[in-house]
$ cat work_21.cif   # mmCIF, C-alpha atoms and all ligand atoms
data_work
loop_
_atom_site.label_atom_id
_atom_site.label_comp_id
_atom_site.auth_asym_id
_atom_site.auth_seq_id
_atom_site.Cartn_x
_atom_site.Cartn_y
_atom_site.Cartn_z
CA MET I 245 0.00 0.00 0.00
CA ALA I 246 1.24 3.46 -0.85
CA GLN I 247 1.53 5.97 2.00
CA ILE I 248 1.02 9.68 1.47
CA THR I 249 3.36 12.22 2.99
CA ILE I 250 3.33 15.96 2.48
CA ASP I 251 6.63 17.59 1.49
CA PRO I 252 7.70 20.99 2.88
CA GLN I 253 6.12 22.76 -0.12
CA GLY I 254 2.79 21.15 0.75
CA GLU I 255 2.88 18.70 -2.17
CA LYS I 256 1.67 15.15 -1.72
CA ILE I 257 4.34 12.47 -2.24
CA GLU I 258 3.47 8.80 -2.20
CA SER I 259 5.91 6.24 -0.87
CA PHE I 260 5.99 2.53 -0.13
CA VAL I 261 7.29 0.90 3.04
CA LEU I 262 10.06 -1.66 2.53
CA LEU I 263 10.60 -4.85 4.53
CA SER I 264 13.33 -3.01 6.44
CA GLY I 265 10.81 -0.36 7.54
CA HIS I 266 12.48 2.32 5.40
CA LYS I 267 10.34 4.21 2.89
CA ILE I 268 10.93 4.31 -0.88
CA PRO I 269 9.34 7.29 -2.69
CA ALA I 270 6.92 6.07 -5.35
CA ILE I 271 8.61 8.04 -8.14
CA GLY I 272 12.30 8.37 -8.84
CA LEU I 273 14.24 9.92 -11.68
CA GLY I 274 15.85 7.35 -14.00
CA THR I 275 19.32 8.21 -15.32
CA TRP I 276 20.18 5.54 -17.91
CA ARG I 277 21.26 7.23 -21.19
CA ALA I 278 20.78 10.65 -19.50
CA HIS I 279 22.50 13.43 -21.41
CA ASN I 280 22.80 16.03 -18.69
CA ALA I 281 22.24 14.14 -15.47
CA ARG I 282 23.49 16.95 -13.23
CA ASP I 283 20.83 19.41 -14.38
CA SER I 284 18.10 16.76 -14.60
CA VAL I 285 18.76 15.58 -11.04
CA TYR I 286 18.83 19.15 -9.72
CA THR I 287 15.60 20.05 -11.55
CA ALA I 288 13.94 16.86 -10.39
CA ILE I 289 14.79 17.36 -6.72
CA VAL I 290 14.64 21.13 -6.30
CA GLU I 291 12.04 22.20 -8.86
CA ALA I 292 9.83 19.13 -9.29
CA GLY I 293 9.87 17.62 -5.77
CA TYR I 294 11.43 14.20 -6.56
CA ARG I 295 13.03 12.55 -3.56
CA HIS I 296 14.29 9.41 -5.30
CA VAL I 297 17.07 9.06 -7.90
CA ASP I 298 17.98 5.83 -9.67
CA THR I 299 21.43 5.36 -11.13
CA ALA I 300 24.10 2.70 -11.67
CA ALA I 301 27.85 2.38 -12.07
CA GLU I 302 27.24 1.08 -15.60
CA TYR I 303 25.39 4.25 -16.67
CA GLY I 304 28.62 6.27 -16.51
CA VAL I 305 26.78 9.30 -15.08
CA GLN I 306 27.33 8.89 -11.34
CA ASP I 307 29.69 11.90 -11.17
CA GLU I 308 27.02 14.09 -12.74
CA VAL I 309 24.27 12.61 -10.58
CA GLY I 310 26.47 13.34 -7.55
CA HIS I 311 26.91 16.96 -8.61
CA GLY I 312 23.15 17.29 -9.05
CA ILE I 313 22.47 15.84 -5.60
CA LYS I 314 25.15 18.05 -4.04
CA ALA I 315 23.64 21.15 -5.65
CA ALA I 316 20.19 20.13 -4.39
CA ILE I 317 21.52 19.67 -0.86
CA HIS I 318 23.23 23.07 -1.18
CA ALA I 319 19.81 24.49 -2.16
CA GLY I 320 18.41 23.24 1.15
CA VAL I 321 17.18 19.67 0.62
CA GLU I 322 18.29 17.34 3.42
CA ARG I 323 20.28 14.24 2.41
CA SER I 324 18.04 12.24 4.77
CA ALA I 325 15.00 13.25 2.70
CA LEU I 326 16.50 11.68 -0.43
CA PHE I 327 16.44 8.06 -1.56
CA VAL I 328 19.43 7.23 -3.78
CA THR I 329 19.70 3.88 -5.56
CA SER I 330 22.71 2.50 -7.39
CA LYS I 331 23.68 -0.89 -8.77
CA LEU I 332 26.55 -3.35 -8.72
CA TRP I 333 27.65 -4.09 -12.28
CA CYS I 334 28.34 -7.59 -13.65
CA TYR I 335 32.15 -7.16 -13.64
CA ASP I 336 32.00 -6.86 -9.85
CA LEU I 337 29.97 -9.98 -9.06
CA SER I 338 32.67 -11.60 -6.96
CA LEU I 339 33.01 -11.37 -3.21
CA GLU I 340 36.29 -9.41 -3.22
CA ARG I 341 34.92 -6.79 -5.63
CA VAL I 342 31.55 -5.92 -4.04
CA ARG I 343 32.82 -3.47 -1.42
CA PRO I 344 35.38 -1.71 -3.65
CA ALA I 345 32.66 -1.26 -6.29
CA LEU I 346 30.31 0.30 -3.73
CA MET I 347 33.07 2.59 -2.42
CA LYS I 348 33.76 3.79 -5.98
CA THR I 349 30.05 4.47 -6.46
CA LEU I 350 29.84 6.40 -3.17
CA ASN I 351 32.91 8.38 -4.17
CA GLU I 352 31.44 9.27 -7.58
CA LEU I 353 28.12 10.24 -6.02
CA GLN I 354 29.88 12.19 -3.20
CA LEU I 355 27.75 10.34 -0.65
CA ASP I 356 28.62 8.41 2.49
CA TYR I 357 25.76 5.92 2.17
CA LEU I 358 23.26 4.65 -0.39
CA ASP I 359 19.61 4.05 0.37
CA LEU I 360 19.51 1.04 -1.92
CA TYR I 361 22.18 -1.08 -3.62
CA LEU I 362 21.02 -3.57 -6.23
CA ILE I 363 22.66 -6.42 -8.11
CA HIS I 364 22.17 -5.04 -11.63
CA TRP I 365 21.97 -8.37 -13.53
CA PRO I 366 22.51 -11.87 -12.11
CA PHE I 367 25.34 -12.76 -14.50
CA ARG I 368 29.07 -12.23 -14.16
CA LEU I 369 30.93 -10.62 -17.06
CA LYS I 370 34.69 -10.59 -17.57
CA ASP I 371 36.21 -7.10 -17.42
CA GLY I 372 35.76 -5.42 -20.79
CA ALA I 373 33.48 -8.19 -22.15
CA SER I 374 32.18 -7.56 -25.68
CA ARG I 375 28.51 -6.97 -26.48
CA PRO I 376 27.39 -9.62 -27.28
CA PRO I 377 29.90 -11.55 -25.13
CA LYS I 378 32.58 -13.71 -26.70
CA ALA I 379 33.20 -17.28 -25.58
CA GLY I 380 34.01 -17.47 -21.87
CA GLU I 381 33.13 -13.83 -21.11
CA VAL I 382 29.86 -14.52 -19.25
CA SER I 383 29.29 -16.94 -16.38
CA ASP I 384 27.31 -17.67 -13.21
CA PHE I 385 28.73 -16.25 -9.96
CA ASP I 386 29.22 -17.13 -6.29
CA TRP I 387 25.71 -16.24 -5.08
CA GLU I 388 26.28 -16.87 -1.40
CA GLY I 389 29.64 -15.06 -1.30
CA VAL I 390 28.32 -12.01 -3.14
CA TRP I 391 25.10 -11.76 -1.11
CA ARG I 392 27.05 -12.03 2.18
CA GLU I 393 29.17 -9.08 1.02
CA MET I 394 25.99 -7.14 0.18
CA GLU I 395 24.67 -7.95 3.68
CA LYS I 396 27.93 -6.69 5.25
CA LEU I 397 27.39 -3.33 3.52
CA VAL I 398 24.06 -3.05 5.37
CA LYS I 399 25.63 -4.08 8.69
CA ASP I 400 28.37 -1.46 8.16
CA LYS I 401 25.71 1.20 7.40
CA LEU I 402 27.14 1.89 3.95
CA VAL I 403 23.80 0.99 2.38
CA ARG I 404 20.37 0.97 4.01
CA ASP I 405 18.72 -1.67 1.84
CA ILE I 406 19.87 -4.26 -0.68
CA GLY I 407 18.09 -5.88 -3.57
CA VAL I 408 18.23 -7.25 -7.09
CA CYS I 409 17.23 -6.50 -10.66
CA ASN I 410 16.33 -8.61 -13.66
CA PHE I 411 15.53 -11.73 -11.67
CA THR I 412 13.30 -14.71 -12.40
CA VAL I 413 11.15 -16.58 -9.87
CA LYS I 414 13.74 -19.37 -9.96
CA LYS I 415 16.59 -16.99 -9.15
CA LEU I 416 14.54 -15.22 -6.47
CA ASN I 417 13.87 -18.51 -4.69
CA LYS I 418 17.56 -19.41 -4.91
CA LEU I 419 18.47 -16.09 -3.29
CA LEU I 420 15.80 -16.40 -0.58
CA ASP I 421 17.27 -19.79 0.38
CA ILE I 422 20.60 -18.19 1.30
CA ALA I 423 19.65 -14.65 2.35
CA GLN I 424 20.17 -13.64 5.97
CA ILE I 425 19.11 -10.09 5.10
CA MET I 426 16.19 -10.26 2.66
CA PRO I 427 16.26 -8.32 -0.60
CA SER I 428 13.97 -5.32 0.05
CA VAL I 429 13.50 -4.43 -3.59
CA CYS I 430 13.38 -6.19 -6.92
CA GLN I 431 13.75 -3.80 -9.88
CA MET I 432 12.24 -5.17 -13.10
CA GLU I 433 11.07 -4.00 -16.51
CA MET I 434 7.34 -3.31 -16.14
CA HIS I 435 4.92 -1.28 -18.23
CA PRO I 436 1.63 -2.03 -20.01
CA GLY I 437 3.60 -3.64 -22.87
CA TRP I 438 5.42 -5.99 -20.46
CA ARG I 439 3.44 -6.44 -17.25
CA ASN I 440 5.75 -9.14 -15.90
CA GLU I 441 2.94 -10.50 -13.70
CA LYS I 442 4.72 -13.66 -12.60
CA MET I 443 7.57 -11.74 -10.97
CA LEU I 444 5.22 -9.15 -9.50
CA GLU I 445 3.23 -11.91 -7.80
CA ALA I 446 6.36 -13.72 -6.56
CA CYS I 447 7.67 -10.51 -5.03
CA LYS I 448 4.33 -9.66 -3.41
CA LYS I 449 4.18 -13.16 -1.91
CA ASN I 450 7.56 -12.58 -0.28
CA ASN I 451 6.86 -8.94 0.73
CA ILE I 452 9.56 -7.72 -1.61
CA HIS I 453 8.82 -4.30 -3.06
CA VAL I 454 8.99 -3.95 -6.85
CA THR I 455 10.36 -0.94 -8.70
CA ALA I 456 9.14 -0.81 -12.31
CA TYR I 457 11.84 0.28 -14.74
CA SER I 458 11.22 1.61 -18.27
CA PRO I 459 7.65 2.61 -17.26
CA LEU I 460 7.20 4.60 -20.48
CA GLY I 461 8.46 1.74 -22.66
CA SER I 462 12.01 3.18 -22.74
CA ARG I 463 13.18 4.56 -26.10
CA GLU I 464 12.21 1.39 -27.91
CA VAL I 465 8.42 0.99 -27.50
CA ASP I 466 5.97 3.79 -28.16
CA LEU I 467 3.47 3.42 -25.33
CA ILE I 468 2.93 7.18 -25.28
CA HIS I 469 0.90 6.85 -28.50
CA HIS I 470 -0.80 3.57 -27.64
CA PRO I 471 -4.54 4.08 -28.38
CA VAL I 472 -5.69 2.77 -24.97
CA VAL I 473 -3.21 4.99 -23.11
CA GLU I 474 -4.14 7.99 -25.28
CA ARG I 475 -7.85 7.37 -24.69
CA VAL I 476 -7.47 7.19 -20.90
CA ALA I 477 -5.21 10.26 -20.89
CA GLY I 478 -7.75 12.24 -22.93
CA LYS I 479 -10.60 11.19 -20.66
CA LEU I 480 -8.73 12.15 -17.49
CA ASN I 481 -7.20 15.30 -18.99
CA LYS I 482 -3.72 13.99 -18.22
CA THR I 483 -0.76 13.25 -20.49
CA PRO I 484 -0.01 9.69 -21.67
CA GLY I 485 3.25 9.83 -19.68
CA GLN I 486 1.32 10.64 -16.50
CA VAL I 487 -1.14 7.79 -17.15
CA LEU I 488 1.74 5.32 -17.56
CA VAL I 489 3.44 6.49 -14.36
CA ARG I 490 0.16 6.49 -12.41
CA TRP I 491 -0.66 2.99 -13.70
CA ALA I 492 2.65 1.71 -12.29
CA ILE I 493 1.93 3.21 -8.87
CA GLN I 494 -1.62 1.88 -8.79
CA ARG I 495 -0.15 -1.59 -9.39
CA GLY I 496 1.74 -1.17 -6.11
CA THR I 497 5.16 -0.55 -7.67
CA SER I 498 7.44 2.43 -7.37
CA THR I 499 8.70 3.64 -10.73
CA ILE I 500 11.62 5.59 -12.18
CA PRO I 501 10.83 7.43 -15.45
CA LYS I 502 13.83 9.04 -17.13
CA SER I 503 13.81 12.33 -18.99
CA ASP I 504 16.38 14.88 -20.11
CA HIS I 505 13.71 17.56 -20.36
CA SER I 506 12.67 19.66 -17.37
CA GLU I 507 9.05 19.97 -18.54
CA ARG I 508 8.71 16.19 -18.77
CA ILE I 509 10.51 15.66 -15.47
CA LYS I 510 7.92 17.94 -13.85
CA GLU I 511 5.02 16.38 -15.77
CA ASN I 512 5.94 12.80 -14.82
CA ILE I 513 5.62 13.38 -11.06
CA LYS I 514 2.23 15.16 -11.13
CA VAL I 515 0.39 11.94 -10.46
CA PHE I 516 -0.46 12.04 -6.75
CA SER I 517 -3.76 13.89 -6.54
CA TRP I 518 -5.81 11.70 -8.92
CA GLU I 519 -6.35 8.07 -9.83
CA ILE I 520 -7.05 6.02 -12.93
CA PRO I 521 -10.62 4.67 -12.49
CA GLU I 522 -10.86 0.89 -12.14
CA LEU I 523 -12.30 0.18 -15.60
CA ASP I 524 -9.64 2.28 -17.34
CA PHE I 525 -6.92 0.76 -15.16
CA GLN I 526 -8.15 -2.68 -16.22
CA ALA I 527 -8.23 -1.67 -19.89
CA ILE I 528 -4.53 -0.78 -19.66
CA CYS I 529 -3.90 -4.09 -17.86
CA ASP I 530 -5.55 -5.87 -20.79
CA ILE I 531 -3.27 -4.50 -23.53
CA PRO I 532 -2.51 -7.76 -25.34
CA ASP I 533 0.89 -7.41 -27.00
CA GLN I 534 3.48 -8.30 -24.37
CA MET I 535 7.19 -8.07 -25.08
CA ARG I 536 10.33 -7.19 -23.10
CA VAL I 537 12.22 -4.13 -24.27
CA LEU I 538 15.43 -5.12 -22.47
CA ASP I 539 15.77 -8.86 -22.96
CA GLY I 540 19.49 -9.11 -22.13
CA GLU I 541 20.41 -10.66 -25.49
CA GLU I 542 23.10 -8.19 -26.41
CA LEU I 543 24.63 -8.27 -22.94
CA PHE I 544 24.67 -11.96 -22.08
CA VAL I 545 23.76 -14.28 -24.97
CA ASN I 546 26.48 -16.19 -26.79
CA LYS I 547 24.67 -18.47 -29.21
CA SER I 548 27.52 -20.90 -29.78
CA ASP I 549 29.28 -20.98 -26.43
CA GLY I 550 26.67 -20.27 -23.72
CA PRO I 551 26.08 -20.71 -20.87
CA TYR I 552 23.19 -18.46 -22.05
CA LYS I 553 22.56 -19.42 -25.66
CA SER I 554 19.22 -17.65 -26.01
CA VAL I 555 17.06 -15.00 -24.39
CA THR I 556 14.90 -17.72 -22.86
CA ASP I 557 18.02 -19.07 -21.08
CA ILE I 558 18.52 -15.61 -19.55
CA TRP I 559 15.00 -15.69 -18.13
CA ASP I 560 15.10 -19.37 -17.05
CA HIS I 561 12.42 -20.20 -19.64
CA GLU I 562 9.83 -18.32 -17.52
CA ILE I 563 7.30 -16.16 -19.34
P1 LIG T 1 11.59 5.18 -19.62
O1 LIG T 1 10.46 4.23 -19.76
O2 LIG T 1 11.73 6.01 -18.43
O3 LIG T 1 11.52 6.09 -20.92
C1 LIG T 1 12.46 7.09 -21.18
C2 LIG T 1 12.12 7.66 -22.56
O4 LIG T 1 10.84 8.31 -22.50
C3 LIG T 1 13.12 8.69 -22.99
O5 LIG T 1 13.28 8.55 -24.40
C4 LIG T 1 12.42 10.00 -22.66
O6 LIG T 1 12.86 11.00 -23.54
C5 LIG T 1 10.98 9.68 -22.86
N1 LIG T 1 10.05 10.43 -21.98
C6 LIG T 1 10.21 10.75 -20.68
N2 LIG T 1 9.12 11.38 -20.19
C7 LIG T 1 8.26 11.48 -21.21
C8 LIG T 1 6.97 12.04 -21.34
N3 LIG T 1 6.35 12.60 -20.31
N4 LIG T 1 6.36 11.99 -22.56
C9 LIG T 1 6.98 11.41 -23.62
N5 LIG T 1 8.20 10.84 -23.55
C10 LIG T 1 8.84 10.88 -22.36
O7 LIG T 1 12.91 4.34 -19.96
P2 LIG T 1 14.24 3.91 -19.25
O8 LIG T 1 14.64 2.66 -19.94
O9 LIG T 1 15.18 5.03 -19.16
O10 LIG T 1 13.80 3.45 -17.77
C11 LIG T 1 13.76 4.34 -16.68
C12 LIG T 1 14.92 4.12 -15.73
O11 LIG T 1 14.88 2.80 -15.19
C13 LIG T 1 16.31 4.18 -16.37
O12 LIG T 1 16.67 5.48 -16.72
C14 LIG T 1 17.13 3.52 -15.31
O13 LIG T 1 17.39 4.42 -14.25
C15 LIG T 1 16.20 2.38 -14.87
N6 LIG T 1 16.47 1.12 -15.59
C16 LIG T 1 16.98 0.05 -14.88
C17 LIG T 1 17.30 -1.11 -15.51
C18 LIG T 1 17.88 -2.25 -14.74
O14 LIG T 1 18.44 -3.18 -15.36
N7 LIG T 1 17.78 -2.27 -13.43
C19 LIG T 1 17.10 -1.30 -16.95
C20 LIG T 1 16.50 -0.16 -17.60
C21 LIG T 1 16.18 0.99 -16.92
P3 LIG T 1 13.59 12.36 -23.04
O15 LIG T 1 14.72 11.96 -22.12
O16 LIG T 1 14.06 12.95 -24.32
O17 LIG T 1 12.53 13.16 -22.35
C1 LIG T 2 23.08 -1.84 -19.59
C2 LIG T 2 22.28 -1.43 -18.41
C3 LIG T 2 20.82 -1.56 -18.65
C4 LIG T 2 20.03 -0.50 -17.97
O1 LIG T 2 19.97 -0.67 -16.59
#

$ encode --input "work_21.cif" --output "structure tokens"
Amino acid sequence: MAQITIDPQGEKIESFVLLSGHKIPAIGLGTWRAHNARDSVYTAIVEAGYRHVDTAAEYGVQDEVGHGIKAAIHAGVERSALFVTSKLWCYDLSLERVRPALMKTLNELQLDYLDLYLIHWPFRLKDGASRPPKAGEVSDFDWEGVWREMEKLVKDKLVRDIGVCNFTVKKLNKLLDIAQIMPSVCQMEMHPGWRNEKMLEACKKNNIHVTAYSPLGSREVDLIHHPVVERVAGKLNKTPGQVLVRWAIQRGTSTIPKSDHSERIKENIKVFSWEIPELDFQAICDIPDQMRVLDGEELFVNKSDGPYKSVTDIWDHEI
């Protein structure tokens, strides 16, 4: 269930409570493929009221994100009011590399703790692996060793919560078997063109919060002009982007739309004082064509040499 809080400017902000008891704001700013992350982060926090920023070592923008956060703090926003997420990249999925990777991320972001640290993808890549990977460049990893190191980051107060991305039900169950500190968050691709219901249900069953990434369909799928989304937006006098973000929140997920444009950044968070009526919500849930945007093929599939020879291998043959 989303909780409503009122920010100092009197704006409503919804958040969800994690297993740890910490709160995750319902909307964060995504930063993958961001062109001017410093300004976008500053605009999002100071001008639009975002309190959640999603980034990753792999995005190559953590320095800029850090400058944006620093400028926002300088403008009067408390660090404790912000929720900053970053992710451990596949090169660093070994027990001796987890902590150094986090320290590098903290250094780039100019922070002394993260709110959430996620395993970005559950596959280990050799340093400098090609895309797609050559023979021997992708492998499984030491799950127990890596998760223990993630848990130590929590115990040492370097991160407040830990979690995963791009998991399957099979991988989630494997992790739950060894976890001493539960993953608080699972970040997954979710939008009306890829509802990912199986993972959403598995996470709900285990009280793991889900963050929906690529809520607008990313750059690859045009959900903004989908006739059902356009119809609901017209009826509610909202933009298609707002309908897509609101749909994610009404499903019980937080979500992290990315934009380089200040008007869109401001537009995408104006979703807290209205709801999508049940019938319209259901119509969006019934959009038939379902397909992942980010299937992991380019990153992890080597058709001749495995261990992941197809996209279905990546996702453990789960739909
Ligand atoms: P989004 O679904 O957020 O879509 C971003 C695209 O939508 C951009 O092209 C943007 O263009 C455009 N856009 C933004 N707002 C609007 C609007 N109101 N109307 C029309 N178009 C709009 O895609 P992402 O893939 O970036 O996902 C969001 C975030 O999720 C990422 O940035 C990243 O932080 C995270 N993520 C995590 C992954 C993981 O593996 N854990 C994988 C993928 C994403 P413009 O910038 O020009 O406004
Ligand atoms: C290559 C990273 C995908 C977006 O998180």

$ axis_aligned_box --input "work_21.cif" --around "ligand LIG 1 (chain T)" --padding-each-side "4 Å" --output "AutoDock Vina command-line options"
--center_x 12.4 --center_y 5.0 --center_z -18.9 --size_x 20.1 --size_y 24.3 --size_z 19.0

$ residues_near_ligand --input "work_21.cif" --ligand "ligand LIG 2 (chain T)" --cutoff "8 Å" --atoms "all atoms listed in the file" --output "list in words"
Trp276, Ala300, Glu302, Tyr303, His364, Leu538 and Leu543 of chain I

$ residues_around --input "work_21.cif" --residues "Gln526 of chain I" --least-positions-apart "3" --cutoff "12 Å" --atoms "all atoms listed in the file" --output "list in words"
Pro436, Val472, Val473, Val476, Trp491, Gln494, Arg495, Ile520, Pro521, Glu522, Leu523, Cys529, Asp530, Ile531 and Pro532 of chain I

$ closest_atom_pairs --input "work_21.cif" --of "chain I" --to "ligand LIG 1 (chain T)" --cutoff "7 Å" --atoms "only C-alpha atoms and all ligand atoms" --output "JSON lines"
{"residue": "I:Leu273", "atom": "CA", "partner": "T:LIG1", "partner_atom": "O13", "distance": 6.8}
{"residue": "I:Gly274", "atom": "CA", "partner": "T:LIG1", "partner_atom": "O13", "distance": 3.3}
{"residue": "I:Thr275", "atom": "CA", "partner": "T:LIG1", "partner_atom": "O12", "distance": 4.1}
{"residue": "I:Trp276", "atom": "CA", "partner": "T:LIG1", "partner_atom": "O12", "distance": 3.7}
{"residue": "I:Arg277", "atom": "CA", "partner": "T:LIG1", "partner_atom": "O12", "distance": 6.6}
{"residue": "I:Ala278", "atom": "CA", "partner": "T:LIG1", "partner_atom": "O15", "distance": 6.7}
{"residue": "I:Asp298", "atom": "CA", "partner": "T:LIG1", "partner_atom": "O13", "distance": 4.8}
{"residue": "I:Thr299", "atom": "CA", "partner": "T:LIG1", "partner_atom": "O13", "distance": 5.2}
{"residue": "I:His364", "atom": "CA", "partner": "T:LIG1", "partner_atom": "N7", "distance": 5.5}
{"residue": "I:Trp365", "atom": "CA", "partner": "T:LIG1", "partner_atom": "O14", "distance": 6.5}
{"residue": "I:Cys409", "atom": "CA", "partner": "T:LIG1", "partner_atom": "N7", "distance": 5.1}
{"residue": "I:Asn410", "atom": "CA", "partner": "T:LIG1", "partner_atom": "O14", "distance": 6.1}
{"residue": "I:Gln431", "atom": "CA", "partner": "T:LIG1", "partner_atom": "N7", "distance": 5.6}
{"residue": "I:Met432", "atom": "CA", "partner": "T:LIG1", "partner_atom": "N7", "distance": 6.3}
{"residue": "I:Glu433", "atom": "CA", "partner": "T:LIG1", "partner_atom": "C19", "distance": 6.6}
{"residue": "I:Tyr457", "atom": "CA", "partner": "T:LIG1", "partner_atom": "O11", "distance": 4.0}
{"residue": "I:Ser458", "atom": "CA", "partner": "T:LIG1", "partner_atom": "O1", "distance": 3.1}
{"residue": "I:Pro459", "atom": "CA", "partner": "T:LIG1", "partner_atom": "O1", "distance": 4.1}
{"residue": "I:Leu460", "atom": "CA", "partner": "T:LIG1", "partner_atom": "O1", "distance": 3.4}
{"residue": "I:Gly461", "atom": "CA", "partner": "T:LIG1", "partner_atom": "O1", "distance": 4.3}
{"residue": "I:Ser462", "atom": "CA", "partner": "T:LIG1", "partner_atom": "O7", "distance": 3.1}
{"residue": "I:Arg463", "atom": "CA", "partner": "T:LIG1", "partner_atom": "O5", "distance": 4.3}
{"residue": "I:Ile468", "atom": "CA", "partner": "T:LIG1", "partner_atom": "C9", "distance": 6.1}
{"residue": "I:Pro484", "atom": "CA", "partner": "T:LIG1", "partner_atom": "N4", "distance": 6.8}
{"residue": "I:Gly485", "atom": "CA", "partner": "T:LIG1", "partner_atom": "N3", "distance": 4.2}
{"residue": "I:Gln486", "atom": "CA", "partner": "T:LIG1", "partner_atom": "N3", "distance": 6.6}
{"residue": "I:Ile500", "atom": "CA", "partner": "T:LIG1", "partner_atom": "C12", "distance": 5.1}
{"residue": "I:Pro501", "atom": "CA", "partner": "T:LIG1", "partner_atom": "O2", "distance": 3.4}
{"residue": "I:Lys502", "atom": "CA", "partner": "T:LIG1", "partner_atom": "O2", "distance": 3.9}
{"residue": "I:Ser503", "atom": "CA", "partner": "T:LIG1", "partner_atom": "O15", "distance": 3.3}
{"residue": "I:Asp504", "atom": "CA", "partner": "T:LIG1", "partner_atom": "O15", "distance": 3.9}
{"residue": "I:His505", "atom": "CA", "partner": "T:LIG1", "partner_atom": "O17", "distance": 5.0}
{"residue": "I:Arg508", "atom": "CA", "partner": "T:LIG1", "partner_atom": "N3", "distance": 4.6}
{"residue": "I:Ile509", "atom": "CA", "partner": "T:LIG1", "partner_atom": "N2", "distance": 6.5}
{"residue": "I:Glu511", "atom": "CA", "partner": "T:LIG1", "partner_atom": "N3", "distance": 6.1}
{"residue": "I:Asn512", "atom": "CA", "partner": "T:LIG1", "partner_atom": "N3", "distance": 5.5}
{"residue": "I:Leu538", "atom": "CA", "partner": "T:LIG1", "partner_atom": "C19", "distance": 6.9}

$ closest_residue --input "work_21.cif" --among "I:His469, I:Val413, I:His279, I:Cys334" --to "Asp560 of chain I" --atoms "only C-alpha atoms"
I:Val413

$ closest_residue --input "work_21.cif" --among "I:Trp387, I:Trp333, I:Phe525, I:Trp518" --to "Leu488 of chain I" --atoms "all atoms listed in the file"
I:Phe525

$ closest_residue --input "work_21.cif" --among "I:Gln306, I:Glu393, I:Gly372, I:Asp384" --to "Val342 of chain I" --atoms "all atoms listed in the file"
I:Glu393

$ atom_distance --input "work_21.cif" --atom1 "atom CA of Ala319 of chain I" --atom2 "atom CA of Ile248 of chain I"
24.2 Å

$ residues_around --input "work_21.cif" --residues "Trp438 of chain I" --least-positions-apart "5" --cutoff "6 Å" --atoms "only C-alpha atoms" --output "number ranges by chain"
I: 534-536

$ closest_residue --input "work_21.cif" --among "I:Arg282, I:Arg341, I:Lys414, I:Arg295" --to "Glu322 of chain I" --atoms "all atoms listed in the file"
I:Arg295

$ atom_distance --input "work_21.cif" --atom1 "atom CA of Leu362 of chain I" --atom2 "atom CA of Thr412 of chain I"
14.9 Å

$ atom_distance --input "work_21.cif" --atom1 "atom CA of Phe544 of chain I" --atom2 "atom CA of Asp421 of chain I"
24.9 Å

$ closest_residue --input "work_21.cif" --among "I:Lys510, I:His453, I:His561, I:Lys396" --to "Pro269 of chain I" --atoms "all atoms listed in the file"
I:His453

$ residues_around --input "work_21.cif" --residues "segment 546-558 of chain I" --least-positions-apart "3" --cutoff "10 Å" --atoms "only C-alpha atoms" --output "ChimeraX atom specification"
/I:366-367,375-384,410-412,539-543,561-563
